[in-house]
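Undergrad: Below you will find the structure I want to go over with you.
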Amino acid sequence: MEGKKLATRYDPKNVEEKRYSLWEQQGLFHAEVNPGKVPFCVVIPPPNVTGSLTMGHVMDNTPQDIIVRWRRMQGFETLWVPGTDHAGIATQNVVERQLATEGQSRHDLGREQFLEHVWAWKKSYGGRITQQLKRLGCSCDWQRERFTMDEGLSAAVQEAFIRLFEKGLIYRGKYIINWCPRCQTALSDEEVEHKEMHGNLWYIRYPVVQGEEHIVVATTRPETMLGDTAVAVNPKDDRYRHLGSRRILLPIVNREIPVIQDDFVDPEFGTGIVKVTPAHDPNDFELGRNHNLESVVVMNENGTMNENAGARYAGMDRFECREVLVEDLQKQELLEKIETHIHSVGHCYRCHTMVEPYLSDQWFVKMKPLAEPALQAVRDGRIRFFPSRWASVYLDWMENIRDWCISRQIWWGHRIPVWYCQKCPEVLAARGVPQSCPRCGGSDLRQDEDVLDTWFSSWLWPFSTLGWPDDTPELKYFYPISFQNSGYDIIFFWVARMIMAGFEFMGHLPFPEIYIHGMVKDERGRWMSKSLGNSPDPLEIIEKFGADAVRFSMVLITAQGQDAFFSEEKVVIGRNFANKIWNASRLILMNSEDFKPDGPEPEELSLTLSDRWILSRLHRTVGNVTESLTQYRFNEAAQILYDFVWHQYCDWYLELIKPRLYGQDEQERRTVQYIALVVLDGFLRLLHPFMPFITEEIWQEVKDRVKHQGQSIVIAPWPQAEGRRLDAAVEREMETVQKVVVAIRNMRGDMNIPPGQQVRILISGDGQRDLETIEHCKEYVLHLAKVENLDIGRGVKRPKNACSAVVGELEVFLPLEGVINLEVERKRLELEIDRISGQLENAEKKLQDENFVHRAPQEVVDRERLKREDYETSLKKLHRNLEILTVSKN
């Protein structure tokens with residue numbers, strides 16, 4: 001026992017950082033290969049090294065920590081591997097912006113010196129997110145922290161690439177890829193964010209060669225017409241059957257191009273004729289391959305037009321070229337019309353620049369062969385998604401998977417381990433730096449300039465962090481990992497690829513279960529962003545409310561797999577709960593200072609109904625929380641704990657035991673001290689994964705009184721649900737008592753009876769069992785409902801001037817004569833009815849006003865509707881109470 005009393009008020013600032021420091025010093029989060037225990041392993045979704053803590057990280061890491069702490073308490077050898085991602089494009093952008101403030105670019109420095117700058121930046125700022133995760137309470141094994149570009153993981157990336165290369169699953173080809181002109185790199189399909197945009201459809205006249213006829217082509221990107229190498233029609237479209245093998249004159253460029261026929265063309269889009277630009281559109285690229293068309297690239301990598309666009313447009317930005325080109329078309333009377341058009345446009349996920357489809361030499365992974373075992377594992381249930389609906393999303397994507405573009409035209413990242421011989425055509429993938437060409441023996445070898453997609457290191461994360469490709473003891477013991485956690489936004493980026501990598505490189509699945517969580521949005525359902533001003537800093541909220549409050553609130557408001565609609569006000573739930581736990585614990589600890597832990601067990605004590613009830617409820621809660629965690633229903637587990645601690649333990653049990661706790665009977669006092677402490681210890685351990693700091697602080701004062709010898713609640717045993725403690729009959733009896741007490745309290749409130757005033761209660765009914773229960777628990781009702789006289793029996797009649805309530809088969813009467821001034825209460829009710837009626841009238845006027853309903857913010861309108869419902873409910877109750885008093889008067 002630490003030997004100090006709990007402070008009068010709970011202050012997280014005095015607890016959280018101190019406790020975390022102690023946990024680290026004691027090595028409580030460290031795991032080792034331990035054949036005597038069952039392993040449990042989780043790998044953190046590595047946050048970007050550029051990042052700082054966001055509410056998204058709170059959403060992502062809190063459920064992981066709950067599971068990890070729970071399994072550690074259950075006795076598993078529990079490892080949570082932390083680490084960060086090098087975040088190629090994002091990190092390079094950060095350092096390039098920093099250099100720009102100094103008037104430099106990466107090209108001024110050269111590759112090697114620039115990379116030195118990035119590593120220096122990583123050393124200075126890269127550990128920020130790690131410290132912030134500690135502030136949240138994440139119980140990672142920091143001795144095993146990894147970085148996707150550390151020496152071991154770099155070796156793993158190289159090994160994975162070479163194995164796939166040697167199997168023919170990696171190839172280099174000229175393909176249409178997503179290109180970011182700002183970052184000047186390729187992007188995978190999953191790295192492109194599509195946004196609905198208001199644009200135009202330009203209808204352009206293309207003259208038919210040898211004649212006066214022209215055709216009209218509609219396009220959303222007129223600047224790309226400079227690279228057209230054909231126009232296409234659907235062979236079933238009779239409107240254009242006459243074109244046959246005619247040739248078309250490309251406007252402005254004056255290049256002759258063919259008319260091709262293909263079923264891909266949608267006759268309903270535009271005029272039914274489409275321009276074909278193989279170098280600047282993915283669909284056109286496929287058309288070009290099928291019809292052997294030339295590909296003409298008319299843009300540079302930075303989004304400006306090149307010499308192929310013609311001297312007039314060369315050097316212009318793509319959007320400037322669009323404006324000038326449209327003007328030129330108008331001048332030459334080649335622009336038929338312009339229509340507004342809403343379409344989905346791809347943007348870079350990092351810098352939000354509009355992406356350009358671009359023909360380029362890139363490295364790709366053939367995904368179809370890798371996808372099949374990963375598909376089958378989900379189909380046959382070896383890998384389970386929680387919630388299960390995400391499995392269908394995964395399967396749909398995997399069944400339609402495309403090859404993965406893995407090369408990026410940046411400098412920060414894993415450089416592609418491919419070398420080109422300068423004396424012969426040999427291309428080789430090598431571990432380390434090759435000394436000579438295996439074909440010609442030459443030593444003049446040049447390494448590929450590109451780096452690998454960041455996700456190429458991340459897809460190896462579950463086993464590379466454990467030592468792969470070496471056959472380490474950790475890899476043998478902890479792999480496959482026990483479960484994985486991810487947001488639904490990276491199912492394709494990461495989850496699917498991890499599963500494929502597990503089968504390809506390890507021969508079996510990487511994890512059997514995957515929990516998919518939602519995103520954090522504001523109360524209005526908007527994505528959080530700094531520009532909207534709705535993205536709070538979690539560290540500021542933790543500083544204000546405490547990490548436990550933030551964690552518990554986030555879990556409580558988030559249904560499984562759903563988005564969380566967050567506001568700072570919702571953290572008040574967690575803070576108030578922490579204060580309730582603290583105050584209840586102080587009450588018990590202050591009144592059990594004389595308690596000696598040596599003594600009889602509960603079986604040997606004389607337990608009351610309330611004692612047996614709270615023990616039964618505790619063990620039922622243990623079972624329910626454990627089951628909820630097994631199914632990753634975190635909010636359900638949190639709600640069960642909240643209800644047990646606040647409503648059952650604090651509101652009922654602590655109130656019921658006060659007469660015995662403060663009484664003179666030493667045996668009764670010791671019994672109630674013991675039960676209260678046992679239950680307190682039980683729910684502290686249940687709550688620890690959710691609220692680790694406050695539970696540790698209190699448990700250090702509780703543990704010796706309940707014979708716990710452990711140094712920390714972190715490694716205290718998880719409570720077990722004991723069937724012998726469950727007593728449905730006792731719970732049913734207690735529920736009857738509670739309902740009667742609540743009914744009396746409600747009647748007192750409705751009739752404006754002062755809280756301290758004693759009243760008389762009569763209870764009758766046909767339910768013999770319920771009557772016996774109330775008779776047996778008479779003292780509970782007298783104490784909790786402030787009742788001085790309680791008459792119970794089948795023959796009890798309703799007295800004059802009484803209000804009543806029905807509880808099951810019981811009827812409860814509260815005589816009003818002599819308790820309140822009936823005439824004064826009638827007048828009070830009449831005045832209150834008038835007041836509420838006026839408020840209801842005002843609310844209805846607002847809601848009948850179409851201007852208010854259609855122009856006011858939705859949350860304001862919803863709030864007004866709730867007010868109307870509350871006023872209607874209050875009026876019904878007031879009229880009912882006035883009717884009781886009016887009947888009494890007559």
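Every chain in the structure tokens has a letter given in the order shown (A, B, ...), and although residue numbers restart at 1 in each chain, ligands are simply numbered from 1 in the order shown.
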Excluding region 393-405 of chain A and its own-chain neighbours fewer than 3 positions away, which residues fall within 6 Å of it when counting only C-alpha atoms? Please give them as a list in words.
TA: Ser188, Trp363, Phe364, Val365, Lys366, Met367 and Trp390 of chain A
Undergrad: Show me, as a tab-separated table (two decimals) with N, CA and C atoms, in the first residue's frame, the residues that have an atom within 12 Å of Pro12 (chain A) when counting only C-alpha atoms, minus same-chain residues fewer than 5 positions from it.
TA:
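Below is the file that was written, around32.tsv:
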chain	number	residue	atom	x	y	z
A	7	ALA	N	-6.80	12.51	-2.39
A	7	ALA	CA	-7.07	13.95	-2.27
A	7	ALA	C	-8.57	14.19	-2.28
A	17	GLU	N	0.70	11.81	-15.68
A	17	GLU	CA	2.09	11.73	-16.13
A	17	GLU	C	2.96	10.99	-15.11
A	18	LYS	N	2.64	11.18	-13.83
A	18	LYS	CA	3.38	10.48	-12.78
A	18	LYS	C	3.18	8.97	-12.90
A	19	ARG	N	1.93	8.55	-13.10
A	19	ARG	CA	1.64	7.12	-13.19
A	19	ARG	C	2.29	6.50	-14.43
A	20	TYR	N	2.21	7.21	-15.57
A	20	TYR	CA	2.80	6.64	-16.78
A	20	TYR	C	4.30	6.46	-16.63
A	135	ARG	N	0.91	10.24	-23.59
A	135	ARG	CA	0.01	11.14	-22.84
A	135	ARG	C	-1.41	10.61	-22.84
A	136	LEU	N	-1.78	9.92	-23.94
A	136	LEU	CA	-3.11	9.31	-24.03
A	136	LEU	C	-3.21	8.07	-23.16
A	541	ILE	N	-7.52	19.19	-24.82
A	541	ILE	CA	-8.68	18.59	-24.15
A	541	ILE	C	-8.21	17.68	-23.02
A	542	ILE	N	-7.12	16.94	-23.24
A	542	ILE	CA	-6.56	16.11	-22.16
A	542	ILE	C	-6.10	16.99	-21.01
A	543	GLU	N	-5.49	18.12	-21.32
A	543	GLU	CA	-5.03	19.03	-20.28
A	543	GLU	C	-6.20	19.56	-19.46
A	544	LYS	N	-7.33	19.77	-20.12
A	544	LYS	CA	-8.51	20.33	-19.44
A	544	LYS	C	-9.30	19.28	-18.68
A	545	PHE	N	-9.47	18.08	-19.27
A	545	PHE	CA	-10.36	17.08	-18.68
A	545	PHE	C	-9.63	15.85	-18.15
A	546	GLY	N	-8.43	15.59	-18.64
A	546	GLY	CA	-7.72	14.37	-18.28
A	546	GLY	C	-7.85	13.31	-19.37
A	547	ALA	N	-6.82	12.49	-19.53
A	547	ALA	CA	-6.82	11.45	-20.57
A	547	ALA	C	-7.92	10.43	-20.35
A	548	ASP	N	-8.16	10.05	-19.09
A	548	ASP	CA	-9.20	9.06	-18.82
A	548	ASP	C	-10.56	9.53	-19.31
A	549	ALA	N	-10.87	10.80	-19.05
A	549	ALA	CA	-12.15	11.36	-19.47
A	549	ALA	C	-12.28	11.36	-20.99
A	550	VAL	N	-11.21	11.71	-21.68
A	550	VAL	CA	-11.22	11.74	-23.14
A	550	VAL	C	-11.41	10.32	-23.68
A	575	ARG	N	-15.43	13.12	-17.59
A	575	ARG	CA	-14.90	13.83	-16.42
A	575	ARG	C	-15.82	13.63	-15.21
A	578	ALA	N	-15.37	10.17	-13.85
A	578	ALA	CA	-14.13	10.06	-13.07
A	578	ALA	C	-14.32	10.65	-11.68
A	579	ASN	N	-14.98	11.79	-11.61
A	579	ASN	CA	-15.23	12.41	-10.30
A	579	ASN	C	-16.13	11.54	-9.43
A	582	TRP	N	-14.05	8.70	-8.07
A	582	TRP	CA	-13.14	9.21	-7.05
A	582	TRP	C	-13.86	9.44	-5.73
A	691	MET	N	-9.98	3.43	-18.35
A	691	MET	CA	-9.54	4.60	-17.60
A	691	MET	C	-8.33	4.21	-16.76
A	692	PRO	N	-7.17	4.05	-17.39
A	692	PRO	CA	-6.03	3.44	-16.69
A	692	PRO	C	-5.46	4.26	-15.54
A	693	PHE	N	-5.50	5.58	-15.63
A	693	PHE	CA	-4.80	6.40	-14.64
A	693	PHE	C	-5.54	6.48	-13.31
A	694	ILE	N	-6.81	6.84	-13.35
A	694	ILE	CA	-7.56	7.00	-12.09
A	694	ILE	C	-7.72	5.65	-11.40
A	695	THR	N	-7.88	4.58	-12.18
A	695	THR	CA	-8.06	3.26	-11.56
A	695	THR	C	-6.78	2.82	-10.84
A	696	GLU	N	-5.62	3.12	-11.43
A	696	GLU	CA	-4.35	2.79	-10.77
A	696	GLU	C	-4.20	3.59	-9.48
A	697	GLU	N	-4.50	4.87	-9.53
A	697	GLU	CA	-4.33	5.75	-8.37
A	697	GLU	C	-5.18	5.27	-7.19
Undergrad: Which residues are near Asn61 (chain A)? Cut-off 9 Å, only C-alpha atoms, ignore same chain within fewer than 4 positions. Put them as a compact mmCIF listing (two decimals) with C-alpha atoms, in the first residue's frame.
TA:
# COMPACT_ATOMS: atom_id res chain seq x y z
CA ILE A 44 0.04 -0.24 -33.91
CA PRO A 45 -1.13 1.28 -37.20
CA GLY A 56 -8.56 10.41 -35.09
CA HIS A 57 -5.55 9.00 -33.21
CA ASP A 65 -5.12 0.00 -25.64
CA ILE A 66 -8.34 -1.32 -24.11
CA LEU A 133 0.51 8.64 -27.49
CA LEU A 136 -3.11 9.31 -24.03
CA CYS A 138 -1.09 3.85 -24.71
CA ASN A 485 -7.22 -2.42 -35.68
Undergrad: When distances are computed from only C-alpha atoms, which of A:Pro799, A:Pro181, A:Gly818, A:Gly507 shows the smallest separation from Asp317 (chain A)?
TA: A:Pro181
Undergrad: For Asn178 (chain A), which residue among A:Ser139, A:Ser553, A:Ser360, A:Thr454 is the nearest when counting only C-alpha atoms?
TA: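 Closest candidate: A:Ser360.
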Undergrad: Select from region 688-743 of chain A every residue with an atom at most 7 Å from any atom of region 610-628 of chain A, then for each give the shortest pair of atoms and their distance in Å to one decimal, using only C-alpha atoms, rows by chain and rising number, as a Markdown table.
TA:
| residue | atom | partner | partner_atom | distance |
| --- | --- | --- | --- | --- |
| A:Pro719 | CA | A:Val622 | CA | 6.5 |
| A:Gln720 | CA | A:Val622 | CA | 6.6 |
| A:Ala721 | CA | A:His619 | CA | 4.8 |
| A:Glu722 | CA | A:His619 | CA | 6.3 |
| A:Arg725 | CA | A:Ser616 | CA | 5.2 |
| A:Leu726 | CA | A:Ser616 | CA | 4.5 |
| A:Asp727 | CA | A:Ser616 | CA | 5.7 |
| A:Val730 | CA | A:Trp613 | CA | 5.8 |
| A:Glu731 | CA | A:Trp613 | CA | 5.6 |
| A:Met734 | CA | A:Trp613 | CA | 7.0 |
Undergrad: Can you measure CA of Ile581 (chain A) to CA of Cys650 (chain A) for me? One decimal in Å is fine.
TA: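 It comes out at 8.4 Å.
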Undergrad: Which of these, A:Arg865, A:His242, A:Arg745, A:Arg526, has the shortest distance to Ala564 (chain A) once you count only C-alpha atoms?
TA: A:Arg526
Undergrad: Neighbouring residues of Ile833 (chain A) were defined as those with any atom within 10 Å, considering only C-alpha atoms; residues of the same chain fewer than 6 positions away were excluded. Please report them as a list in words.
TA: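 Near Ile833 (chain A), the qualifying residues are Lys827, Gln839, Tyr871, Ser874, Leu875, Lys876, Lys877, Leu878, His879 and Leu882 of chain A.
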Undergrad: Which residues in region 478-711 of chain A does DSSP call strand (DSSP E or B)? List them as a list of chain:residue names.
TA: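 DSSP on the backbone gives strand (DSSP E or B) at A:Gln484, A:Asn485, A:Ser486, A:Gly487, A:Glu513, A:Ile514, A:Tyr515, A:Ile516, A:His517, A:Val520, A:Lys521, A:Asp522, A:Trp527, A:Ala564, A:Phe565, A:Phe566.
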Undergrad: Between A:Gly88, A:Pro35, A:Pro659, A:Pro267, which is the closest to Leu452 (chain A) once you count only C-alpha atoms?
TA: A:Gly88
Undergrad: Quick one: residues within 12 Å of region 320-329 of chain A, only C-alpha atoms, excluding same-chain residues fewer than 3 positions away - as a PyMOL selection string?
TA: chain A and resi 200-206+219-226+250-253+298-299+303-306+309-317+332-338
Undergrad: Identify, on the basis of only C-alpha atoms, every residue whose closest approach to Leu814 (chain A) does not exceed 10 Å; exclude the query and any residue fewer than 4 positions from it along the same chain; express the result as a PyMOL selection string.
TA: chain A and resi 744+747-748+751+759-763+787+798-805+819
Undergrad: Mind writing the picked residues with N, CA, C and O atoms as a short mmCIF file (atom, residue, chain, number, x, y, z; two decimals), in the first residue's frame?
TA:
data_model
loop_
_atom_site.label_atom_id
_atom_site.label_comp_id
_atom_site.auth_asym_id
_atom_site.auth_seq_id
_atom_site.Cartn_x
_atom_site.Cartn_y
_atom_site.Cartn_z
N ILE A 744 -42.03 6.32 -5.50
CA ILE A 744 -42.29 7.25 -4.39
C ILE A 744 -41.55 8.56 -4.62
O ILE A 744 -42.11 9.66 -4.43
N MET A 747 -43.39 10.61 -7.22
CA MET A 747 -44.61 11.23 -6.69
C MET A 747 -44.27 12.42 -5.81
O MET A 747 -44.94 13.46 -5.87
N ARG A 748 -43.25 12.29 -5.01
CA ARG A 748 -42.81 13.42 -4.17
C ARG A 748 -42.44 14.62 -5.04
O ARG A 748 -42.82 15.76 -4.76
N MET A 751 -45.49 16.26 -6.78
CA MET A 751 -46.34 17.01 -5.86
C MET A 751 -45.58 18.07 -5.05
O MET A 751 -46.11 18.63 -4.11
N VAL A 759 -42.93 11.06 4.75
CA VAL A 759 -44.29 10.83 4.25
C VAL A 759 -44.75 9.44 4.68
O VAL A 759 -43.96 8.61 5.11
N ARG A 760 -46.05 9.24 4.52
CA ARG A 760 -46.63 7.92 4.77
C ARG A 760 -46.91 7.27 3.42
O ARG A 760 -47.33 7.93 2.48
N ILE A 761 -46.65 5.95 3.34
CA ILE A 761 -46.85 5.22 2.09
C ILE A 761 -47.69 3.98 2.37
O ILE A 761 -47.49 3.29 3.38
N LEU A 762 -48.61 3.71 1.44
CA LEU A 762 -49.41 2.49 1.52
C LEU A 762 -49.19 1.70 0.22
O LEU A 762 -49.17 2.29 -0.86
N ILE A 763 -49.04 0.38 0.37
CA ILE A 763 -48.81 -0.47 -0.80
C ILE A 763 -49.75 -1.66 -0.75
O ILE A 763 -49.80 -2.38 0.25
N VAL A 787 -39.53 7.73 4.11
CA VAL A 787 -40.86 7.29 4.52
C VAL A 787 -40.84 7.03 6.02
O VAL A 787 -39.96 6.33 6.53
N ARG A 798 -57.05 2.53 -1.06
CA ARG A 798 -56.55 3.85 -1.44
C ARG A 798 -57.15 4.90 -0.52
O ARG A 798 -58.35 5.02 -0.40
N PRO A 799 -56.31 5.69 0.15
CA PRO A 799 -56.82 6.74 1.03
C PRO A 799 -57.31 7.94 0.23
O PRO A 799 -57.00 8.10 -0.95
N LYS A 800 -58.09 8.78 0.91
CA LYS A 800 -58.58 10.00 0.28
C LYS A 800 -57.40 10.96 0.10
O LYS A 800 -56.46 10.95 0.87
N ASN A 801 -57.49 11.83 -0.92
CA ASN A 801 -56.45 12.84 -1.18
C ASN A 801 -55.06 12.19 -1.30
O ASN A 801 -54.14 12.57 -0.59
N ALA A 802 -54.94 11.25 -2.21
CA ALA A 802 -53.65 10.57 -2.38
C ALA A 802 -53.31 10.46 -3.87
O ALA A 802 -54.20 10.33 -4.70
N CYS A 803 -52.03 10.54 -4.15
CA CYS A 803 -51.59 10.23 -5.52
C CYS A 803 -51.09 8.78 -5.51
O CYS A 803 -50.82 8.22 -4.45
N SER A 804 -50.99 8.20 -6.70
CA SER A 804 -50.64 6.78 -6.75
C SER A 804 -49.73 6.48 -7.93
O SER A 804 -49.62 7.26 -8.86
N ALA A 805 -49.12 5.30 -7.85
CA ALA A 805 -48.27 4.80 -8.94
C ALA A 805 -48.40 3.29 -8.98
O ALA A 805 -48.60 2.65 -7.95
N VAL A 819 -49.51 16.83 4.27
CA VAL A 819 -48.14 16.83 3.74
C VAL A 819 -47.88 18.11 2.96
O VAL A 819 -46.82 18.72 3.07
#
Undergrad: Considering only C-alpha atoms, can you say which of A:Leu115, A:Leu79, A:Leu243, A:Met590 comes closest to Trp411 (chain A)?
TA: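 Using only C-alpha atoms, Trp411 (chain A) sits closest to A:Leu115.
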